[in-house]
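Novice: Just one file: coords-v3.cif, with mmCIF, C-alpha atoms and all ligand atoms.
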data_model
#
loop_
_atom_site.label_atom_id
_atom_site.label_comp_id
_atom_site.auth_asym_id
_atom_site.auth_seq_id
_atom_site.Cartn_x
_atom_site.Cartn_y
_atom_site.Cartn_z
CA MET A 1 80.95 52.51 -23.94
CA ASN A 2 78.60 49.71 -22.84
CA VAL A 3 78.04 47.01 -25.49
CA LEU A 4 75.64 44.06 -25.35
CA ILE A 5 76.39 41.09 -27.61
CA ILE A 6 73.69 38.45 -27.88
CA GLY A 7 75.57 35.31 -28.97
CA GLY A 8 79.20 36.04 -28.12
CA ASN A 9 80.60 32.52 -27.67
CA SER A 10 80.77 31.47 -31.33
CA GLY A 11 81.35 32.69 -34.87
CA VAL A 12 80.89 36.39 -35.60
CA GLY A 13 79.83 37.33 -32.06
CA GLU A 14 82.93 35.68 -30.57
CA GLU A 15 85.19 37.51 -33.05
CA LEU A 16 83.49 40.82 -32.23
CA LEU A 17 83.92 40.14 -28.53
CA HIS A 18 87.68 39.70 -29.06
CA LEU A 19 87.91 42.92 -31.10
CA LEU A 20 86.00 44.92 -28.49
CA SER A 21 87.91 43.46 -25.56
CA GLN A 22 91.05 45.14 -27.00
CA GLN A 23 89.29 48.51 -27.15
CA GLU A 24 89.70 51.02 -24.32
CA ASN A 25 86.76 52.18 -22.19
CA THR A 26 84.48 49.35 -23.34
CA GLU A 27 82.32 47.30 -20.98
CA ILE A 28 81.07 44.14 -22.67
CA TYR A 29 77.79 42.47 -21.69
CA VAL A 30 77.26 39.11 -23.35
CA ALA A 31 74.36 36.64 -23.35
CA ASN A 32 74.10 33.20 -24.95
CA ARG A 33 72.57 29.82 -24.12
CA ASN A 34 75.84 27.96 -23.47
CA GLY A 35 79.14 28.84 -21.86
CA PHE A 36 82.52 29.84 -23.29
CA SER A 37 85.23 27.36 -24.33
CA SER A 38 87.77 29.59 -22.58
CA MET A 39 86.46 32.04 -20.04
CA PRO A 40 87.24 35.59 -21.20
CA ALA A 41 88.16 37.97 -18.37
CA GLY A 42 86.33 41.15 -17.49
CA LEU A 43 83.00 40.43 -19.16
CA HIS A 44 79.47 40.61 -17.80
CA ILE A 45 78.21 37.17 -18.81
CA GLN A 46 74.65 35.85 -18.56
CA THR A 47 72.89 32.74 -19.78
CA VAL A 48 69.84 33.41 -21.91
CA ASP A 49 67.82 31.56 -24.53
CA VAL A 50 66.12 34.19 -26.68
CA THR A 51 63.50 31.67 -27.82
CA ASP A 52 62.22 31.38 -24.23
CA ASN A 53 59.31 33.51 -23.18
CA GLY A 54 59.90 35.70 -20.17
CA PHE A 55 63.72 35.66 -20.08
CA SER A 56 65.18 38.66 -18.39
CA LEU A 57 68.39 40.39 -19.45
CA SER A 58 70.51 42.02 -16.81
CA LEU A 59 71.51 45.35 -18.36
CA PRO A 60 73.44 48.46 -17.39
CA GLU A 61 71.44 51.67 -17.02
CA THR A 62 72.86 53.01 -20.28
CA LEU A 63 73.61 50.90 -23.34
CA ASP A 64 75.56 52.33 -26.29
CA ALA A 65 75.46 49.34 -28.62
CA LEU A 66 73.61 46.07 -29.13
CA VAL A 67 74.68 43.38 -31.59
CA TYR A 68 72.24 40.49 -32.08
CA CYS A 69 73.92 37.36 -33.48
CA PRO A 70 71.53 34.37 -33.09
CA GLY A 71 70.37 32.98 -36.42
CA SER A 72 69.86 29.84 -38.48
CA ILE A 73 70.70 28.20 -41.79
CA ASN A 74 67.88 25.82 -42.61
CA LEU A 75 68.07 25.12 -46.35
CA LYS A 76 65.37 22.85 -47.79
CA PRO A 77 63.14 22.64 -50.86
CA PHE A 78 59.84 24.44 -50.30
CA ASP A 79 57.84 21.19 -50.42
CA ARG A 80 59.90 19.78 -47.54
CA LEU A 81 59.49 22.82 -45.28
CA ALA A 82 56.74 22.28 -42.71
CA LEU A 83 55.08 25.32 -41.19
CA ASP A 84 56.95 24.63 -37.94
CA ALA A 85 60.28 25.22 -39.72
CA TYR A 86 59.18 28.78 -40.52
CA ARG A 87 58.06 29.26 -36.92
CA THR A 88 61.42 28.02 -35.60
CA ASP A 89 63.35 30.35 -37.90
CA MET A 90 61.12 33.28 -36.93
CA GLU A 91 61.60 32.52 -33.21
CA ILE A 92 65.37 32.70 -33.28
CA ASN A 93 65.95 35.33 -35.98
CA PHE A 94 63.03 37.69 -35.51
CA TYR A 95 61.02 37.25 -32.28
CA GLY A 96 64.23 36.82 -30.27
CA LEU A 97 65.45 40.16 -31.62
CA VAL A 98 62.11 41.82 -30.82
CA LYS A 99 62.21 40.47 -27.25
CA VAL A 100 65.80 41.65 -26.72
CA LEU A 101 64.99 45.10 -28.14
CA GLN A 102 61.90 45.43 -25.96
CA GLN A 103 64.13 45.02 -22.92
CA ALA A 104 67.10 47.02 -24.21
CA MET A 105 65.40 50.10 -25.71
CA PRO A 106 65.16 52.09 -22.44
CA ALA A 107 68.93 51.70 -21.85
CA LEU A 108 69.73 52.36 -25.54
CA ARG A 109 67.65 55.55 -25.52
CA LYS A 110 69.51 56.82 -22.47
CA SER A 111 72.78 56.77 -24.42
CA GLY A 112 71.65 59.52 -26.81
CA ASN A 113 73.99 58.05 -29.45
CA ALA A 114 73.33 54.32 -29.52
CA SER A 115 73.56 51.75 -32.28
CA VAL A 116 71.98 48.35 -32.99
CA VAL A 117 73.31 45.78 -35.46
CA ALA A 118 71.49 42.61 -36.56
CA PHE A 119 72.32 40.02 -39.21
CA SER A 120 70.36 39.18 -42.33
CA THR A 121 71.45 37.03 -45.29
CA VAL A 122 72.41 37.63 -48.91
CA ALA A 123 69.34 35.52 -49.76
CA VAL A 124 66.90 38.30 -48.81
CA ASN A 125 67.84 40.55 -51.74
CA THR A 126 69.03 37.81 -54.09
CA GLY A 127 66.59 34.96 -54.65
CA MET A 128 68.25 31.64 -53.82
CA ALA A 129 66.69 28.18 -54.04
CA PHE A 130 66.03 26.36 -50.74
CA HIS A 131 66.22 29.60 -48.68
CA ALA A 132 62.44 30.20 -48.35
CA SER A 133 62.28 29.85 -44.57
CA VAL A 134 65.47 31.65 -43.51
CA ALA A 135 65.08 34.39 -46.16
CA SER A 136 61.53 35.06 -44.88
CA ALA A 137 62.71 35.35 -41.27
CA LYS A 138 65.66 37.57 -42.19
CA GLY A 139 63.39 39.70 -44.40
CA ALA A 140 61.32 40.35 -41.28
CA VAL A 141 64.51 41.35 -39.45
CA GLU A 142 65.38 43.85 -42.20
CA GLY A 143 61.87 45.35 -42.15
CA LEU A 144 61.94 45.68 -38.36
CA MET A 145 65.38 47.27 -38.31
CA ARG A 146 64.58 49.86 -41.01
CA SER A 147 61.29 50.77 -39.29
CA LEU A 148 63.07 51.29 -36.00
CA ALA A 149 65.83 53.29 -37.71
CA ALA A 150 63.15 55.75 -38.82
CA GLU A 151 61.32 55.72 -35.49
CA TYR A 152 64.33 56.24 -33.23
CA ALA A 153 66.46 58.62 -35.33
CA PRO A 154 68.49 60.55 -34.37
CA LYS A 155 69.04 58.90 -30.96
CA VAL A 156 69.45 55.23 -31.89
CA ARG A 157 70.86 53.89 -35.18
CA PHE A 158 69.81 50.51 -36.60
CA ASN A 159 71.85 48.73 -39.30
CA ILE A 160 71.91 45.28 -40.83
CA ILE A 161 74.76 43.11 -42.08
CA ALA A 162 73.71 40.72 -44.87
CA PRO A 163 76.45 38.10 -45.30
CA SER A 164 76.92 35.31 -47.77
CA LEU A 165 78.34 31.98 -46.61
CA THR A 166 80.82 32.57 -43.77
CA ASP A 167 83.10 30.05 -42.12
CA THR A 168 81.57 29.73 -38.63
CA PRO A 169 80.14 26.81 -36.64
CA MET A 170 76.69 27.69 -38.02
CA ALA A 171 77.88 27.00 -41.57
CA SER A 172 79.80 23.82 -40.71
CA GLY A 173 77.30 21.63 -42.54
CA LEU A 174 77.91 23.57 -45.76
CA LEU A 175 81.67 24.08 -45.37
CA GLY A 176 82.58 20.90 -43.50
CA ASN A 177 85.42 19.74 -45.79
CA ASP A 178 87.89 21.19 -48.32
CA ARG A 179 85.81 20.12 -51.32
CA LYS A 180 82.72 21.91 -50.02
CA LYS A 181 84.76 25.00 -49.10
CA GLU A 182 86.37 25.20 -52.55
CA ALA A 183 83.01 24.78 -54.31
CA ALA A 184 81.44 27.48 -52.14
CA ALA A 185 84.40 29.83 -52.72
CA GLU A 186 84.13 29.31 -56.48
CA ARG A 187 80.51 30.51 -56.50
CA HIS A 188 81.57 33.94 -55.16
CA PRO A 189 83.01 36.68 -57.43
CA LEU A 190 85.86 37.17 -54.91
CA LYS A 191 86.52 33.40 -54.92
CA LYS A 192 86.42 32.90 -51.19
CA VAL A 193 83.85 32.39 -48.46
CA GLY A 194 83.52 34.87 -45.63
CA SER A 195 85.49 34.84 -42.41
CA PRO A 196 83.96 35.90 -39.07
CA LYS A 197 86.61 38.66 -39.08
CA HIS A 198 84.99 40.32 -42.14
CA LEU A 199 81.60 40.51 -40.42
CA ALA A 200 82.86 41.39 -36.94
CA ALA A 201 84.95 44.26 -38.35
CA MET A 202 81.84 45.71 -40.01
CA ALA A 203 79.79 45.34 -36.81
CA LYS A 204 82.56 47.09 -34.84
CA PHE A 205 82.63 49.92 -37.40
CA LEU A 206 78.82 50.34 -37.39
CA ILE A 207 78.69 50.76 -33.60
CA SER A 208 81.67 53.15 -33.55
CA GLU A 209 81.86 56.93 -33.85
CA GLU A 210 83.16 56.44 -37.41
CA GLY A 211 79.86 54.77 -38.31
CA SER A 212 77.71 57.40 -36.67
CA TRP A 213 76.28 58.86 -39.93
CA ILE A 214 74.90 55.48 -41.03
CA THR A 215 71.43 54.24 -40.15
CA GLY A 216 68.72 52.14 -41.79
CA GLN A 217 71.28 50.47 -44.09
CA THR A 218 71.96 46.91 -45.12
CA MET A 219 75.69 46.26 -45.55
CA HIS A 220 76.24 43.52 -48.13
CA ILE A 221 79.36 41.71 -46.90
CA ASP A 222 79.23 38.82 -49.31
CA GLY A 223 82.25 38.46 -51.59
CA GLY A 224 80.31 40.19 -54.37
CA MET A 225 77.57 37.55 -54.36
CA SER A 226 74.58 39.92 -54.26
CA ASN A 227 75.38 42.31 -57.09
CA LEU A 228 78.05 40.92 -59.45
CA LYS A 229 77.84 38.26 -62.15
N1 LIG B 1 77.70 31.80 -41.08
C1 LIG B 1 77.05 32.09 -42.21
O1 LIG B 1 77.33 31.53 -43.29
C2 LIG B 1 75.96 33.13 -42.22
C3 LIG B 1 75.40 33.50 -43.44
C4 LIG B 1 74.39 34.44 -43.47
C5 LIG B 1 73.94 35.00 -42.29
N2 LIG B 1 74.49 34.63 -41.11
C6 LIG B 1 73.99 35.24 -39.88
O2 LIG B 1 75.06 35.79 -39.13
C7 LIG B 1 74.74 35.74 -37.73
C8 LIG B 1 75.91 35.18 -36.93
O3 LIG B 1 76.04 33.81 -37.30
P1 LIG B 1 77.30 32.89 -36.96
O4 LIG B 1 77.63 32.21 -38.22
O5 LIG B 1 78.32 33.65 -36.21
O6 LIG B 1 76.57 31.82 -36.00
P2 LIG B 1 77.11 30.91 -34.79
O7 LIG B 1 78.56 30.66 -34.90
O8 LIG B 1 76.18 29.75 -34.73
O9 LIG B 1 76.82 31.84 -33.51
C9 LIG B 1 75.52 32.13 -33.11
C10 LIG B 1 75.57 32.72 -31.71
O10 LIG B 1 74.23 32.97 -31.25
C11 LIG B 1 74.02 32.31 -29.99
N3 LIG B 1 72.66 31.80 -29.95
C12 LIG B 1 72.09 30.92 -30.83
N4 LIG B 1 70.84 30.65 -30.46
C13 LIG B 1 70.61 31.38 -29.34
C14 LIG B 1 69.49 31.51 -28.47
N5 LIG B 1 68.35 30.84 -28.71
N6 LIG B 1 69.57 32.33 -27.41
C15 LIG B 1 70.74 33.02 -27.16
N7 LIG B 1 71.82 32.94 -27.94
C16 LIG B 1 71.75 32.12 -29.03
C17 LIG B 1 75.04 31.17 -29.99
O11 LIG B 1 75.41 30.78 -28.66
P3 LIG B 1 74.66 29.56 -27.90
O12 LIG B 1 74.54 28.44 -28.87
O13 LIG B 1 75.51 29.30 -26.71
O14 LIG B 1 73.35 30.13 -27.51
C18 LIG B 1 76.22 31.82 -30.68
O15 LIG B 1 76.97 32.58 -29.78
C19 LIG B 1 73.44 34.92 -37.61
O16 LIG B 1 72.33 35.78 -37.44
C20 LIG B 1 73.35 34.21 -38.96
O17 LIG B 1 72.00 33.93 -39.32
C21 LIG B 1 75.50 33.71 -41.04
#
Could you write out this file's structure as structure tokens?
Ligand SMILES: NC(=O)c1ccc[n+]([C@@H]2O[C@H](COP(=O)([O-])OP(=O)(O)OC[C@H]3O[C@@H](n4cnc5c(N)ncnc54)[C@H](OP(=O)(O)O)[C@@H]3O)[C@@H](O)[C@H]2O)c1
Specialist:
Amino acid sequence: MNVLIIGGNSGVGEELLHLLSQQENTEIYVANRNGFSSMPAGLHIQTVDVTDNGFSLSLPETLDALVYCPGSINLKPFDRLALDAYRTDMEINFYGLVKVLQQAMPALRKSGNASVVAFSTVAVNTGMAFHASVASAKGAVEGLMRSLAAEYAPKVRFNIIAPSLTDTPMASGLLGNDRKKEAAAERHPLKKVGSPKHLAAMAKFLISEEGSWITGQTMHIDGGMSNLK
């Protein structure tokens, strides 16, 4: 299978890349702004900034899976969020995904059995203070993905992973020391924060044959945060 990961050099995307590189018959295409700390062998690597206008992805003729990882955590009180903060969050979370999909849809449709995964946040379904900007942008992602799931069924599946706080470079400001990590773990019913492995394993499942009866869904991988007291 041919898989495109947008954002494969960090966090969840990097973990997914490692999982898929151990899988047989899998060609991995990966695009991010920066390079890799250690150069993985056998990948098709390109440098892309999804917030640019007019970037061009180099894609195989047929694409069986696309996983879009760029995102943001910009937590501020509403009265300190300028309009530009919303625009920035929309650019990376939502418009970047639209631009990638506009380029990738012809190759995804050729597969006949393709799958797209994008990331939301627990804060879309569960109201959380200081999340106005990122929850709005991720809400747009969820609306887009469910619309496309309806439009492209049965040929292309679209699913969303909505995580709570997960220990990746993106969350380093919130989990930067043991005290912060323990406090964050304590807020979750399962008493731990997420690991990139939890999210990458779900992405791998959703793009696999085993996940092929799932579309238009949001998978809440969040230590119980969204639905338990
Ligand atoms: N970590 C959490 O606590 C958490 C919680 C809820 C939701 N999420 C969501 O989960 C997803 C994965 O997050 P993560 O924690 O794995 O983040 P991460 O470690 O920061 O990784 C993000 C990846 O996206 C790439 N990227 C960022 N901006 C890009 C751009 N403009 N163009 C191209 N590539 C870009 C990055 O590579 P370059 O920098 O080289 O471009 C990197 O590979 C995100 O959508 C995030 O919003 C995460």
Novice: Residues of chain A that have any atom at most 8 Å from an atom of ligand LIG 1 (chain B): could you tabulate them with the shortest-distance atom pair and the distance in Å to one decimal, using all atoms listed in the file, ordered by chain and increasing number, as JSON lines?
Specialist:
{"residue": "A:Ile6", "atom": "CA", "partner": "B:LIG1", "partner_atom": "N7", "distance": 5.8}
{"residue": "A:Gly7", "atom": "CA", "partner": "B:LIG1", "partner_atom": "O15", "distance": 3.2}
{"residue": "A:Gly8", "atom": "CA", "partner": "B:LIG1", "partner_atom": "O15", "distance": 4.4}
{"residue": "A:Asn9", "atom": "CA", "partner": "B:LIG1", "partner_atom": "O15", "distance": 4.2}
{"residue": "A:Ser10", "atom": "CA", "partner": "B:LIG1", "partner_atom": "O15", "distance": 4.3}
{"residue": "A:Gly11", "atom": "CA", "partner": "B:LIG1", "partner_atom": "O5", "distance": 3.4}
{"residue": "A:Val12", "atom": "CA", "partner": "B:LIG1", "partner_atom": "O5", "distance": 3.8}
{"residue": "A:Gly13", "atom": "CA", "partner": "B:LIG1", "partner_atom": "O5", "distance": 5.7}
{"residue": "A:Glu14", "atom": "CA", "partner": "B:LIG1", "partner_atom": "O15", "distance": 6.8}
{"residue": "A:Ala31", "atom": "CA", "partner": "B:LIG1", "partner_atom": "C15", "distance": 6.4}
{"residue": "A:Asn32", "atom": "CA", "partner": "B:LIG1", "partner_atom": "N7", "distance": 3.8}
{"residue": "A:Arg33", "atom": "CA", "partner": "B:LIG1", "partner_atom": "O14", "distance": 3.5}
{"residue": "A:Asn34", "atom": "CA", "partner": "B:LIG1", "partner_atom": "O13", "distance": 3.5}
{"residue": "A:Gly35", "atom": "CA", "partner": "B:LIG1", "partner_atom": "O13", "distance": 6.1}
{"residue": "A:Phe36", "atom": "CA", "partner": "B:LIG1", "partner_atom": "O13", "distance": 7.8}
{"residue": "A:Thr47", "atom": "CA", "partner": "B:LIG1", "partner_atom": "C15", "distance": 7.7}
{"residue": "A:Val48", "atom": "CA", "partner": "B:LIG1", "partner_atom": "C15", "distance": 5.3}
{"residue": "A:Asp49", "atom": "CA", "partner": "B:LIG1", "partner_atom": "N6", "distance": 3.5}
{"residue": "A:Val50", "atom": "CA", "partner": "B:LIG1", "partner_atom": "N6", "distance": 4.0}
{"residue": "A:Thr51", "atom": "CA", "partner": "B:LIG1", "partner_atom": "N5", "distance": 5.0}
{"residue": "A:Asp52", "atom": "CA", "partner": "B:LIG1", "partner_atom": "N5", "distance": 7.6}
{"residue": "A:Tyr68", "atom": "CA", "partner": "B:LIG1", "partner_atom": "O16", "distance": 7.1}
{"residue": "A:Cys69", "atom": "CA", "partner": "B:LIG1", "partner_atom": "C8", "distance": 4.5}
{"residue": "A:Pro70", "atom": "CA", "partner": "B:LIG1", "partner_atom": "O10", "distance": 3.6}
{"residue": "A:Gly71", "atom": "CA", "partner": "B:LIG1", "partner_atom": "O17", "distance": 3.5}
{"residue": "A:Ser72", "atom": "CA", "partner": "B:LIG1", "partner_atom": "O17", "distance": 4.7}
{"residue": "A:Ile73", "atom": "CA", "partner": "B:LIG1", "partner_atom": "O17", "distance": 6.4}
{"residue": "A:Ile92", "atom": "CA", "partner": "B:LIG1", "partner_atom": "N5", "distance": 5.8}
{"residue": "A:Asn93", "atom": "CA", "partner": "B:LIG1", "partner_atom": "O16", "distance": 6.6}
{"residue": "A:Gly96", "atom": "CA", "partner": "B:LIG1", "partner_atom": "N5", "distance": 7.4}
{"residue": "A:Ala118", "atom": "CA", "partner": "B:LIG1", "partner_atom": "O16", "distance": 6.9}
{"residue": "A:Phe119", "atom": "CA", "partner": "B:LIG1", "partner_atom": "O16", "distance": 4.6}
{"residue": "A:Ser120", "atom": "CA", "partner": "B:LIG1", "partner_atom": "C5", "distance": 5.5}
{"residue": "A:Thr121", "atom": "CA", "partner": "B:LIG1", "partner_atom": "C4", "distance": 4.3}
{"residue": "A:Val122", "atom": "CA", "partner": "B:LIG1", "partner_atom": "C4", "distance": 6.6}
{"residue": "A:Lys138", "atom": "CA", "partner": "B:LIG1", "partner_atom": "O17", "distance": 7.9}
{"residue": "A:Ile161", "atom": "CA", "partner": "B:LIG1", "partner_atom": "O2", "distance": 7.9}
{"residue": "A:Ala162", "atom": "CA", "partner": "B:LIG1", "partner_atom": "C5", "distance": 6.3}
{"residue": "A:Pro163", "atom": "CA", "partner": "B:LIG1", "partner_atom": "C4", "distance": 4.6}
{"residue": "A:Ser164", "atom": "CA", "partner": "B:LIG1", "partner_atom": "C3", "distance": 4.9}
{"residue": "A:Leu165", "atom": "CA", "partner": "B:LIG1", "partner_atom": "O1", "distance": 3.5}
{"residue": "A:Thr166", "atom": "CA", "partner": "B:LIG1", "partner_atom": "O1", "distance": 3.7}
{"residue": "A:Asp167", "atom": "CA", "partner": "B:LIG1", "partner_atom": "N1", "distance": 5.8}
{"residue": "A:Thr168", "atom": "CA", "partner": "B:LIG1", "partner_atom": "O4", "distance": 4.7}
{"residue": "A:Pro169", "atom": "CA", "partner": "B:LIG1", "partner_atom": "O7", "distance": 4.5}
{"residue": "A:Met170", "atom": "CA", "partner": "B:LIG1", "partner_atom": "O8", "distance": 3.9}
{"residue": "A:Ala171", "atom": "CA", "partner": "B:LIG1", "partner_atom": "N1", "distance": 4.8}
{"residue": "A:Gly194", "atom": "CA", "partner": "B:LIG1", "partner_atom": "O1", "distance": 7.4}
{"residue": "A:Pro196", "atom": "CA", "partner": "B:LIG1", "partner_atom": "O5", "distance": 6.7}
Novice: One decimal, Å: what's the distance from CA of Leu16 (chain A) over to CA of Asn2 (chain A), could you say?
Specialist: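 Taking CA of Leu16 (chain A) and CA of Asn2 (chain A), their separation equals 13.8 Å.
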Novice: Identify, on the basis of all atoms listed in the file, every residue whose closest approach to region 128-136 of chain A does not exceed 6 Å; exclude the query and any residue fewer than 2 positions from it along the same chain; express the result as a ChimeraX atom specification.
Specialist: /A:75-77,86,123-124,138-139
Novice: Suppose you want the space between CA of Gly143 (chain A) and CA of Ile28 (chain A); what is it in Å?
Specialist: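 Separation of CA of Gly143 (chain A) and CA of Ile28 (chain A): 27.4 Å.
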Novice: Report, in Å to a single decimal, how far apart CA of Ser147 (chain A) and CA of Gln217 (chain A) are.
Specialist: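 Pair CA of Gln217 (chain A) / CA of Ser147 (chain A) returns 11.1 Å.
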Novice: Using all atoms listed in the file, collect all residues at a distance of at most 9 Å from (72.1, 44.7, -33.1) as written in the file, then present them as a list of chain:residue names.
Specialist: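 Returned residue set, sorted by chain then number, is A:Leu4, A:Ile5, A:Ile6, A:Ala65, A:Leu66, A:Val67, A:Tyr68, A:Cys69, A:Leu97, A:Leu101, A:Ser115, A:Val116, A:Val117, A:Ala118, A:Phe119, A:Met145, A:Phe158, A:Asn159, A:Ile160, A:Ala203, A:Ile207.
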Novice: May I have the protein, DNA and RNA residues with any atom at most 10 Å from the point (71.4, 53.1, -26.6), counting all atoms listed in the file, written as a PyMOL selection string?
Specialist: chain A and resi 1-3+61-66+104-116+155-157
Novice: Let me know the centre plus edge lengths, in Å and rounded to one decimal, of a box with edges along x, y and z that contains all listed atoms of region 168-184 of chain A and is padded by 3 Å on every side, as lines of an AutoDock Vina configuration file.
Specialist:
center_x = 82.3
center_y = 24.7
center_z = -45.5
size_x = 17.2
size_y = 16.0
size_z = 23.7
Novice: Quick one: of A:Gly223, A:Ala200, A:Gly216, A:Pro154, who's nearest to Glu186 (chain A), counting all atoms listed in the file?
Specialist: A:Gly223
